[in-house]
Amino acid sequence: MRLSLLLCFSLFLSILKAQNIKTPSEFLGYDLGSQFSRHHEVVAYYEYLAETAPDRVKLVRYGKTNERRPLILAYVSSKENISNLDDIQTEHLKSINNKGTNDKAIVWLSYNVHGNESVSTEASMKTIYSLLTEKQAYLENTVVIIDPCINPDGRDRYVNWYNQNKNTPNQVDPNSVEHHEGWLSGRSNHYMFDLNRDWAWLTQIESQQRLKQYNKWMPHVHVDFHEQGVNNPYYFAPAAEPYHEVITDFQRQFQETIGKNHAKYFDANGWFYFTKEVFDLLYPSYGDTYPMYNGAIGMTYEQGGSGRAGLGIITNNGDTLTLKDRIDHHFTTGLSTVEVASNNSVKLNQEFKKFYQNKNYKYKSYVLKGDTDKLDALTKLLDQHEITYGFTKNSTVKGYNYTNGTFGSMSTDQNALVVSTDQSKGTMVKVLFEPNAKLSDSLTYDITAWSLPYAYGLDAIAATSLVNTQNSTLNTELKPFEPNSYAYVTDWNSLKDAKFLASLLQKKVKVRKATTPFTINNQSFERGSLIITRSDNENVKDFEQTLVATAKETDKILHPVSTGFVDKGKDFGSSYVDMIKAPRVAVLSGEPTRTLQFGEIWHFFEQQLNYPITVLEGSYAKRVDLDTYDVLILPDGNYGRFLDEETLKDLKEWVRSGGNLIAMSGAIDQLASKGGFGIKKKKNESEEKEKPLAHKDLQRESMKKAITGAIFKTKVDNSHPLAFGYTDTYFTLKLGAKAFDYLKTGNAVYLENNTTPVSGFAGSTAQKQLGNTLVFGAEKMGRGQVIYLVDNPLFRGFWENGKLFFANALFMVD
């Protein structure tokens, strides 16, 4: 009796304490769902909860965005669990090594990765309040980690725009301006990157900081909350095919278990939903697949709405979809997820341990060799993922040869990188390094190829046996700086070299480039190698100190020489050794460009190359005097209206006067169709009369003409300045079947007749269309050039081996 009274009294105190917690509406001062909350208001509510219920909420600021908004995590659990949070974390991580005694379910809920999919942050506040009040029982054996807003910059961009443009009261008519976001939408982050496609590549500051926290917990369940088109019903797990082959039977089954629990609540409310469609589990850089490949049950939940919905909108079927409706749906699936995890905590822990037990993957080790700068860049990515690696000794390894696409061998030296699947992150290693992901279905939501040896431009072997390593660091050549040398020489074959050059040019240091190979002091240098002479820089104050400091900042090795008289090739005073001009660069933004590719260019200049650019907005760009700039970049986009007859005439005159125009994707389409440029679309040679198709077969038949992010082996003319620093082979990532004929001259990178992808899916018709087509090239026009980048060398910031082409277009092509 006494024990029962104590329990009742304890429960009464708990309920009383819960009742003292303000609801989101009470705290914010408006009904949740009647307005969009700004990020600082959301942070304030979470801080309030942590102050009011510190025994059940622990708040952590894990970083800041580019625009200095805080990134936060809230740990929510029972009083006992929060007091033992460090022990729970420690025991849980031991389970990766088949040890530990953790019996708690770890559930991570991520909201608002796309800023204008804004309902989820609102739903997060309702969810955490419910967990602290009427759903406390779920927390007895569950730790819930809530990230209320992965993308604060994008969210505030949308919320501010909506508040500025909405009617009062809000207008549900879909034609009203509040339902038509402009070019700079809130979906992406500050640099217009899609953070939901950056989990594996970690190009963005939000992703980098978040993954550090994720690796500290490695949850059992991870949910990524999204929105889709206004007229779509709710989507939840199980996911669509293709599933990557490494996904376990349990992961598949548990997705279905959770989906059925959601369906129970949605059915009771008469809400519509769908499963097993559109959103597959293949591409490794999503908020559902990345957790899957790390042992979690990763899931995407999609609510109809997104940036068009506002506070309310009339849908195609005549219903009004409100923000409150959308909150209720995400709130329901969030609680349902925690409920299922809580009810299956023991099973989740058991299966998590099983996931990390030895996997008998075909390839046991991936061995890579090549330029040390590229190896260094790859190891930095592996470090962020906490993937272990080592370096082997001089030997020969056998296995699948990535360059040839056949079984073969490769000699190694002490800097050959070895990444093995025999480690806790072994599944992630397989997914990131495998030559060609197995596809159970060609209808996919994203790219189907991403293998890191191709992305980083490294020779590689996938070995079926473990390859031993002898050390864990690169052996780099260290050369003491020799003052008062005639000149200093360094190579040109990676982004690190481009950063070094970019930094020197901004410091007014004059740099020359070799346009032919040469040998000096018995050391060979290829085309593009940088030469910094003392005589060129006599007027540069503290020349040597500047040079040394810049080399140190960019981790570059300088080779001092005492003469400009070379052993082989052209002497330093030759006309073949050109001075590099510091280009004044402008990039077009706004309409008509595509936000994502503009963002890739913007991020490349500011966060990777560290070189200034001027951003010209499309609405006024035609009034700008282009003679102010040496380089103009036209990102992908729809240029039909922008490139009118007068604008094309001005562009041509500017190029003929010495300007360099860099055209990408959609911009090339317009230059080809308008005439006056050497680029021409390839005629469709595969058109033929086909038998009538059943309506149900149309989608699959259309895949014959599609390329869903596949890798192709191309030929390279590395004597062309656009290809300086490359070998005679480049693996390009194609995102579609767009094809252009060879230029008359200046074909730096191109496809010949063999158009079978080395990795990923390309339809049969698309492959035929790609035969004998341009990838990268340059057309001389007067004193300037038009540079065509048909494929995107900066795609999502992760295709490392493409970035030097962009640098060449800036610094080497003249």
# chains A, B, ... in the order shown; residues from 1 in each chain; ligands from 1
$ select_by_dssp --residues "stretch 134-372 of chain A" --states "helix (DSSP H, G or I)" --output "ChimeraX atom specification"
/A:136-141,152-165,177-179,195-197,205-217,249-269,289-292,306-309,323-343,345-355,372
$ select_by_dssp --residues "stretch 270-433 of chain A" --states "strand (DSSP E)" --output "PyMOL selection string"
chain A and resi 273-274+280-281+297-304+312-314+320-322+365-369+390-391+395-401+406-412+417-420
$ residues_around --residues "A:Phe36" --least-positions-apart "4" --cutoff "10 Å" --atoms "only C-alpha atoms" --output "count of residues only"
17
$ residues_around --residues "stretch 338-354 of chain A" --least-positions-apart "5" --cutoff "9 Å" --atoms "only C-alpha atoms" --output "PyMOL selection string"
chain A and resi 92+95-99+102-107+135+137-142+144+220-221+250-251+257-258+261+295-296+333
$ closest_residue --among "A:Arg527, A:Lys479, A:Arg534, A:Lys64" --to "A:Leu722" --atoms "only C-alpha atoms"
A:Arg527
$ closest_residue --among "A:Tyr639, A:Phe518, A:Phe572, A:Phe274" --to "A:Leu588" --atoms "only C-alpha atoms"
A:Tyr639
$ atom_distance --atom1 "atom CA of A:Ser395" --atom2 "atom CA of A:Asp413"
6.7 Å
$ residues_around --residues "A:Glu51" --least-positions-apart "6" --cutoff "12 Å" --atoms "only C-alpha atoms" --output "list in words"
Ile21, Lys22, Ala44, Tyr45, Val57, Lys58, Leu59 and Ala74 of chain A
$ decode --residues "stretch 784-801 of chain A" --atoms "N, CA, C and O atoms" --output "CSV table (one decimal), in the first residue's frame"
chain,number,residue,atom,x,y,z
A,784,GLY,N,39.4,36.5,-77.3
A,784,GLY,CA,38.8,35.8,-76.2
A,784,GLY,C,38.4,34.3,-76.5
A,784,GLY,O,38.7,33.8,-77.6
A,785,GLN,N,37.8,33.7,-75.6
A,785,GLN,CA,37.4,32.3,-75.8
A,785,GLN,C,36.0,32.1,-75.1
A,785,GLN,O,35.7,32.7,-74.2
A,786,VAL,N,35.3,31.1,-75.7
A,786,VAL,CA,34.1,30.6,-75.1
A,786,VAL,C,34.4,29.2,-74.6
A,786,VAL,O,34.8,28.3,-75.4
A,787,ILE,N,34.2,29.0,-73.3
A,787,ILE,CA,34.6,27.7,-72.7
A,787,ILE,C,33.3,27.0,-72.4
A,787,ILE,O,32.4,27.5,-71.7
A,788,TYR,N,33.2,25.8,-72.9
A,788,TYR,CA,31.9,25.0,-72.8
A,788,TYR,C,32.2,23.9,-71.8
A,788,TYR,O,33.0,23.0,-72.0
A,789,LEU,N,31.4,23.9,-70.7
A,789,LEU,CA,31.5,22.8,-69.7
A,789,LEU,C,30.1,22.1,-69.7
A,789,LEU,O,29.2,22.5,-69.0
A,790,VAL,N,30.1,21.1,-70.6
A,790,VAL,CA,28.8,20.4,-70.8
A,790,VAL,C,28.4,19.6,-69.5
A,790,VAL,O,27.2,19.7,-69.1
A,791,ASP,N,29.3,18.9,-69.0
A,791,ASP,CA,29.1,18.2,-67.7
A,791,ASP,C,29.5,19.2,-66.6
A,791,ASP,O,30.3,20.1,-66.8
A,792,ASN,N,28.9,19.0,-65.4
A,792,ASN,CA,29.2,19.9,-64.3
A,792,ASN,C,30.4,19.4,-63.4
A,792,ASN,O,30.2,18.5,-62.6
A,793,PRO,N,31.5,20.1,-63.5
A,793,PRO,CA,32.7,19.6,-62.8
A,793,PRO,C,32.6,20.0,-61.3
A,793,PRO,O,33.5,19.5,-60.5
A,794,LEU,N,31.6,20.8,-60.9
A,794,LEU,CA,31.5,21.2,-59.5
A,794,LEU,C,30.3,20.6,-58.8
A,794,LEU,O,29.9,21.0,-57.8
A,795,PHE,N,29.8,19.5,-59.4
A,795,PHE,CA,28.5,18.9,-59.0
A,795,PHE,C,28.5,18.6,-57.5
A,795,PHE,O,29.3,17.9,-56.9
A,796,ARG,N,27.6,19.3,-56.8
A,796,ARG,CA,27.4,19.2,-55.3
A,796,ARG,C,28.6,19.4,-54.5
A,796,ARG,O,28.7,19.0,-53.3
A,797,GLY,N,29.7,19.9,-55.1
A,797,GLY,CA,30.9,20.2,-54.4
A,797,GLY,C,31.7,19.0,-54.1
A,797,GLY,O,32.8,19.1,-53.4
A,798,PHE,N,31.3,17.8,-54.6
A,798,PHE,CA,32.0,16.6,-54.1
A,798,PHE,C,32.9,15.9,-55.3
A,798,PHE,O,33.7,15.0,-55.0
A,799,TRP,N,32.6,16.3,-56.5
A,799,TRP,CA,33.4,15.7,-57.6
A,799,TRP,C,34.8,16.3,-57.7
A,799,TRP,O,35.0,17.2,-58.5
A,800,GLU,N,35.6,15.9,-56.8
A,800,GLU,CA,36.9,16.6,-56.6
A,800,GLU,C,37.7,16.7,-57.8
A,800,GLU,O,38.4,17.7,-58.0
A,801,ASN,N,37.8,15.7,-58.6
A,801,ASN,CA,38.7,15.7,-59.8
A,801,ASN,C,38.2,16.6,-60.9
A,801,ASN,O,38.9,16.8,-61.9
